[in-house]
>>> print(open('structure28.cif').read())   # mmCIF, C-alpha atoms and all ligand atoms
data_target
loop_
_atom_site.label_atom_id
_atom_site.label_comp_id
_atom_site.auth_asym_id
_atom_site.auth_seq_id
_atom_site.Cartn_x
_atom_site.Cartn_y
_atom_site.Cartn_z
CA MET Q 1 78.78 13.38 206.61
CA ALA Q 2 77.04 15.64 209.09
CA VAL Q 3 75.32 18.83 207.97
CA THR Q 4 77.08 21.71 209.69
CA PHE Q 5 75.81 24.88 211.32
CA VAL Q 6 77.39 26.92 208.51
CA GLN Q 7 75.47 24.90 205.92
CA PHE Q 8 72.22 25.59 207.77
CA MET Q 9 73.08 29.29 207.78
CA ASP Q 10 73.76 29.03 204.04
CA TRP Q 11 70.34 27.41 203.59
CA LEU Q 12 68.65 30.39 205.22
CA ARG Q 13 70.75 32.94 203.34
CA LEU Q 14 70.12 31.28 199.96
CA THR Q 15 66.39 31.00 200.67
CA ASP Q 16 66.39 34.67 201.51
CA GLU Q 17 68.19 35.51 198.24
CA HIS Q 18 65.99 33.30 196.06
CA VAL Q 19 62.75 34.57 197.59
CA ILE Q 20 63.83 38.17 197.03
CA GLU Q 21 64.83 37.38 193.42
CA ALA Q 22 61.47 35.67 192.85
CA ARG Q 23 59.42 38.30 194.62
CA SER Q 24 57.62 39.58 191.49
CA GLU Q 25 57.11 36.08 190.15
CA LEU Q 26 55.55 34.90 193.43
CA THR Q 27 53.38 37.98 193.51
CA GLU Q 28 52.21 37.32 189.94
CA LEU Q 29 51.33 33.73 190.79
CA ASP Q 30 49.38 34.91 193.84
CA SER Q 31 47.70 37.66 191.79
CA ALA Q 32 46.34 35.01 189.41
CA ILE Q 33 44.67 32.83 192.07
CA GLY Q 34 44.96 34.75 195.35
CA ASP Q 35 45.42 38.31 196.56
CA GLY Q 36 48.90 39.02 195.17
CA ASP Q 37 50.75 39.39 198.47
CA HIS Q 38 52.81 36.19 198.64
CA GLY Q 39 56.06 37.55 197.17
CA ILE Q 40 55.97 40.70 199.24
CA ASN Q 41 54.95 38.98 202.46
CA LEU Q 42 57.53 36.27 202.19
CA SER Q 43 60.43 38.47 201.17
CA ARG Q 44 59.60 40.77 204.10
CA GLY Q 45 59.56 37.72 206.39
CA CYS Q 46 62.87 36.41 205.07
CA ALA Q 47 64.52 39.80 205.49
CA ALA Q 48 63.15 40.10 209.04
CA SER Q 49 64.32 36.62 209.97
CA SER Q 50 67.81 37.13 208.49
CA GLY Q 51 68.02 40.39 210.39
CA LYS Q 52 67.15 38.62 213.66
CA VAL Q 53 69.69 35.86 213.05
CA ASP Q 54 72.37 38.48 212.25
CA SER Q 55 71.67 40.48 215.38
CA GLU Q 56 71.07 37.67 217.89
CA LYS Q 57 73.76 35.34 216.50
CA PRO Q 58 72.27 32.05 217.72
CA GLU Q 59 74.85 29.28 218.07
CA TYR Q 60 72.60 26.24 218.13
CA LEU Q 61 70.16 24.92 215.57
CA ASP Q 62 67.15 24.94 217.89
CA ASP Q 63 67.77 28.58 218.82
CA MET Q 64 68.34 29.63 215.21
CA PHE Q 65 65.31 27.90 213.71
CA THR Q 66 63.04 28.94 216.59
CA LEU Q 67 64.04 32.54 215.90
CA VAL Q 68 63.32 32.05 212.19
CA GLY Q 69 59.94 30.42 212.85
CA MET Q 70 58.83 33.03 215.37
CA THR Q 71 59.88 35.86 213.08
CA LEU Q 72 58.03 34.35 210.11
CA VAL Q 73 54.85 33.88 212.17
CA SER Q 74 54.95 37.48 213.34
CA SER Q 75 56.08 39.19 210.12
CA VAL Q 76 54.70 37.31 207.12
CA GLY Q 77 50.97 37.34 207.77
CA GLY Q 78 48.48 35.64 205.45
CA ALA Q 79 48.14 31.89 205.35
CA SER Q 80 51.76 31.19 204.55
CA GLY Q 81 53.31 33.01 207.55
CA PRO Q 82 51.91 30.68 210.21
CA LEU Q 83 52.50 27.65 207.95
CA TYR Q 84 56.18 28.38 207.24
CA GLY Q 85 56.59 29.60 210.82
CA THR Q 86 55.25 26.30 212.14
CA PHE Q 87 57.50 24.41 209.72
CA PHE Q 88 60.61 26.05 211.20
CA LEU Q 89 59.43 25.89 214.83
CA ARG Q 90 58.88 22.14 214.53
CA PHE Q 91 62.11 21.77 212.60
CA ALA Q 92 63.88 23.53 215.50
CA THR Q 93 62.41 21.24 218.15
CA SER Q 94 63.36 18.16 216.20
CA ALA Q 95 66.87 19.43 215.41
CA GLY Q 96 67.45 20.06 219.11
CA HIS Q 97 70.28 21.80 220.94
CA ARG Q 98 72.91 20.78 218.41
CA GLN Q 99 75.26 22.46 215.99
CA GLU Q 100 75.10 19.84 213.30
CA LEU Q 101 72.80 17.05 212.20
CA THR Q 102 73.35 13.67 210.68
CA PRO Q 103 71.42 13.07 207.45
CA VAL Q 104 68.94 10.93 209.41
CA GLN Q 105 68.41 13.71 211.98
CA LEU Q 106 67.90 16.20 209.15
CA ALA Q 107 65.31 13.92 207.53
CA SER Q 108 63.48 13.73 210.88
CA ALA Q 109 63.60 17.50 211.31
CA LEU Q 110 62.15 18.02 207.80
CA GLU Q 111 59.43 15.48 208.59
CA ALA Q 112 58.63 17.29 211.84
CA GLY Q 113 58.32 20.56 209.92
CA LEU Q 114 56.06 18.91 207.36
CA ALA Q 115 53.89 17.44 210.14
CA GLY Q 116 53.53 20.94 211.59
CA VAL Q 117 52.24 22.23 208.25
CA VAL Q 118 49.75 19.37 208.10
CA GLN Q 119 48.55 20.02 211.63
CA ARG Q 120 48.18 23.73 211.02
CA GLY Q 121 46.69 23.83 207.51
CA LYS Q 122 45.15 20.36 207.15
CA PRO Q 123 46.33 20.16 203.53
CA GLU Q 124 45.99 16.91 201.62
CA LEU Q 125 47.93 15.94 198.51
CA GLY Q 126 46.27 17.45 195.45
CA ASP Q 127 44.74 20.41 197.31
CA LYS Q 128 47.05 22.71 195.31
CA THR Q 129 49.10 24.10 198.20
CA MET Q 130 52.71 24.28 199.39
CA TYR Q 131 52.16 20.74 200.72
CA ASP Q 132 52.11 19.41 197.14
CA ALA Q 133 55.76 20.49 196.81
CA MET Q 134 56.85 19.89 200.43
CA GLN Q 135 55.54 16.37 200.96
CA PRO Q 136 57.29 14.79 197.94
CA ALA Q 137 60.48 16.71 198.74
CA VAL Q 138 60.65 15.48 202.34
CA LEU Q 139 59.80 11.94 201.25
CA ALA Q 140 62.48 12.01 198.54
CA PHE Q 141 65.06 13.22 201.05
CA ARG Q 142 64.22 10.45 203.53
CA ASN Q 143 64.37 7.76 200.83
CA ALA Q 144 67.55 9.06 199.24
CA ILE Q 145 69.67 9.10 202.40
CA LYS Q 146 69.16 5.35 202.74
CA THR Q 147 71.53 4.81 199.83
CA GLY Q 148 73.09 8.12 198.85
CA ASP Q 149 74.90 11.04 200.42
CA VAL Q 150 73.22 14.09 201.85
CA ALA Q 151 74.02 16.38 198.89
CA GLU Q 152 72.46 13.93 196.46
CA ALA Q 153 69.43 13.56 198.76
CA ALA Q 154 68.93 17.31 198.90
CA LEU Q 155 69.19 17.51 195.10
CA LEU Q 156 66.54 14.80 194.69
CA ALA Q 157 64.35 16.58 197.26
CA SER Q 158 64.73 19.81 195.31
CA ARG Q 159 63.73 18.08 192.06
CA ALA Q 160 60.72 16.48 193.77
CA ALA Q 161 59.64 19.88 195.10
CA ALA Q 162 59.94 21.43 191.62
CA ALA Q 163 57.92 18.59 190.09
CA GLY Q 164 55.29 18.98 192.83
CA ARG Q 165 55.19 22.72 192.18
CA ASP Q 166 54.70 22.24 188.43
CA ALA Q 167 51.98 19.64 188.98
CA THR Q 168 49.90 22.15 190.98
CA ALA Q 169 49.10 23.92 187.69
CA ASP Q 170 46.66 21.16 186.73
CA LEU Q 171 44.91 21.05 190.11
CA VAL Q 172 41.74 22.68 191.40
CA ALA Q 173 42.54 24.56 194.63
CA ARG Q 174 40.81 23.12 197.67
CA LYS Q 175 42.53 25.08 200.46
CA GLY Q 176 43.26 28.73 201.07
CA ARG Q 177 42.19 31.76 199.12
CA ALA Q 178 42.64 30.10 195.70
CA SER Q 179 39.87 27.61 196.60
CA TYR Q 180 37.33 30.45 196.20
CA LEU Q 181 38.08 30.29 192.46
CA GLY Q 182 37.25 26.59 192.16
CA GLU Q 183 37.82 25.37 188.58
CA ARG Q 184 39.18 28.78 187.58
CA SER Q 185 42.30 28.06 189.65
CA VAL Q 186 43.33 25.42 187.07
CA GLY Q 187 46.18 26.48 184.77
CA HIS Q 188 48.10 28.38 187.44
CA ILE Q 189 50.95 27.21 189.65
CA ASP Q 190 50.26 27.59 193.37
CA PRO Q 191 52.41 30.42 194.83
CA GLY Q 192 53.09 28.54 198.08
CA ALA Q 193 54.26 25.49 196.13
CA ALA Q 194 56.57 27.80 194.17
CA SER Q 195 58.10 29.27 197.34
CA THR Q 196 58.49 25.79 198.85
CA ALA Q 197 60.42 24.73 195.74
CA LEU Q 198 62.78 27.66 196.42
CA LEU Q 199 63.25 26.45 200.00
CA PHE Q 200 64.38 23.02 198.77
CA GLN Q 201 66.44 24.44 195.90
CA SER Q 202 68.27 26.49 198.53
CA LEU Q 203 68.81 23.42 200.71
CA ALA Q 204 70.30 21.55 197.73
CA GLU Q 205 72.63 24.47 197.00
CA ALA Q 206 73.66 24.78 200.64
CA LEU Q 207 74.50 21.05 200.87
CA ALA Q 208 76.10 20.72 197.42
P1 LIG Q 301 47.05 34.44 201.78
O1 LIG Q 301 46.37 33.40 200.93
O2 LIG Q 301 46.46 34.54 203.13
O3 LIG Q 301 47.19 35.74 201.06
P2 LIG Q 301 49.80 33.83 201.10
O4 LIG Q 301 49.51 34.49 199.81
O5 LIG Q 301 50.98 34.34 201.85
O6 LIG Q 301 48.54 33.88 202.05
O7 LIG Q 301 50.05 32.28 200.87
C1 LIG Q 301 49.22 31.53 200.03
C2 LIG Q 301 49.73 30.11 200.00
O8 LIG Q 301 49.52 29.46 201.25
C3 LIG Q 301 48.99 29.25 198.99
O9 LIG Q 301 49.57 29.38 197.72
C4 LIG Q 301 49.15 27.85 199.55
O10 LIG Q 301 50.33 27.21 199.09
C5 LIG Q 301 49.31 28.09 201.04
N1 LIG Q 301 48.15 27.66 201.79
C6 LIG Q 301 47.00 28.34 201.99
N2 LIG Q 301 46.17 27.63 202.77
C7 LIG Q 301 46.80 26.48 203.07
C8 LIG Q 301 46.48 25.33 203.86
N3 LIG Q 301 45.33 25.21 204.52
N4 LIG Q 301 47.41 24.34 203.95
C9 LIG Q 301 48.59 24.44 203.31
N5 LIG Q 301 48.95 25.50 202.58
C10 LIG Q 301 48.08 26.50 202.45
MG MG Q 302 48.14 35.87 199.23
#
>>> encode(input="structure28.cif", output="structure tokens")
Amino acid sequence: MAVTFVQFMDWLRLTDEHVIEARSELTELDSAIGDGDHGINLSRGCAASSGKVDSEKPEYLDDMFTLVGMTLVSSVGGASGPLYGTFFLRFATSAGHRQELTPVQLASALEAGLAGVVQRGKPELGDKTMYDAMQPAVLAFRNAIKTGDVAEAALLASRAAAAGRDATADLVARKGRASYLGERSVGHIDPGAASTALLFQSLAEALA
């Protein structure tokens, strides 16, 4: 079953809603090991990008996700704006001028987004960043579509992202602002990993 344009719009809308709901929580996580702006920055970015999509009404996936990526780069700021922006810009290019994607095309688009994050931030697994939630989620999605349907794959990806998020609590930060704390970053979940888990939770809900 192909993933439709409406489902992709639902993904963005649900992400927007979940990030706004979690704004204080994300800010608290970032206050513990960063500068406390993650919830505010990201909810501002989501609102700006939803506003752009509402006003420009893109009809193709590449146009919609390019708009989202560009808006996130220009409105979020901090480390996470360019990283999430790059994720969606690469996702857009891979998705192409289409209105729906097969599960395999969606897996490739998620992988392209992930590769953009790697290129931009140079994160490695265990660095205690959004990559620790995103990499296992994208991998789980790719593996799951080999045998299961797309809704099941998105659910497994969402669970993998949540597990990756939770595992960041035990890690010493090696990238971004939290790395300045060294060992003192242990015991706290990474805010970017928490927002990435929301992105995949939203995808699972949109494809359910
Ligand atoms: P800033 O640290 O500039 O205030 P944010 O608070 O918006 O930016 O985002 C912080 C999040 O960005 C971190 O929790 C982490 O997940 C992510 N991050 C920071 N640097 C990197 C990097 N080099 N690679 C991947 N993710 C990163
Ligand atoms: Mg911050």
>>> closest_residue(input="structure28.cif", among="Q:Asp10, Q:Asp62, Q:Glu25, Q:Asp16", to="Ser50 (chain Q)", atoms="all atoms listed in the file")
Q:Asp16
>>> axis_aligned_box(input="structure28.cif", around="region 133-138 of chain Q", padding_each_side="6 Å", output="JSON")
{"center_x": 58.1, "center_y": 17.6, "center_z": 199.6, "size_x": 17.1, "size_y": 17.7, "size_z": 17.5}
>>> residues_around(input="structure28.cif", residues="Arg44 (chain Q)", least_positions_apart="3", cutoff="12 Å", atoms="all atoms listed in the file", output="list in words")
Asp16, Glu17, Val19, Ile20, Arg23, Asp37, His38, Gly39, Ile40, Asn41, Ala47, Ala48, Ser49, Ser50, Gly51, Thr71, Leu72, Val73, Ser74, Ser75, Val76, Gly77 and Gly81 of chain Q
>>> atom_distance(input="structure28.cif", atom1="CA of Leu12 (chain Q)", atom2="CA of Tyr60 (chain Q)")
14.1 Å
>>> residues_near_ligand(input="structure28.cif", ligand="ligand MG 302 (chain Q)", cutoff="7 Å", atoms="all atoms listed in the file", output="PDB file with C-alpha atoms, in the coordinates of the input")
ATOM      1  CA  ASP Q  30      49.380  34.910 193.840  1.00  0.00           C
ATOM      2  CA  GLY Q  34      44.960  34.750 195.350  1.00  0.00           C
ATOM      3  CA  ASP Q  35      45.420  38.310 196.560  1.00  0.00           C
ATOM      4  CA  GLY Q  36      48.900  39.020 195.170  1.00  0.00           C
ATOM      5  CA  ASP Q  37      50.750  39.390 198.470  1.00  0.00           C
ATOM      6  CA  HIS Q  38      52.810  36.190 198.640  1.00  0.00           C
ATOM      7  CA  GLY Q  78      48.480  35.640 205.450  1.00  0.00           C
TER       8      GLY Q  78
END
>>> residues_near_ligand(input="structure28.cif", ligand="ligand LIG 301 (chain Q)", cutoff="10 Å", atoms="all atoms listed in the file", output="VMD selection string")
chain Q and resid 26 to 27 29 to 31 33 to 42 76 to 84 117 to 125 127 to 134 165 168 173 to 179 189 to 196
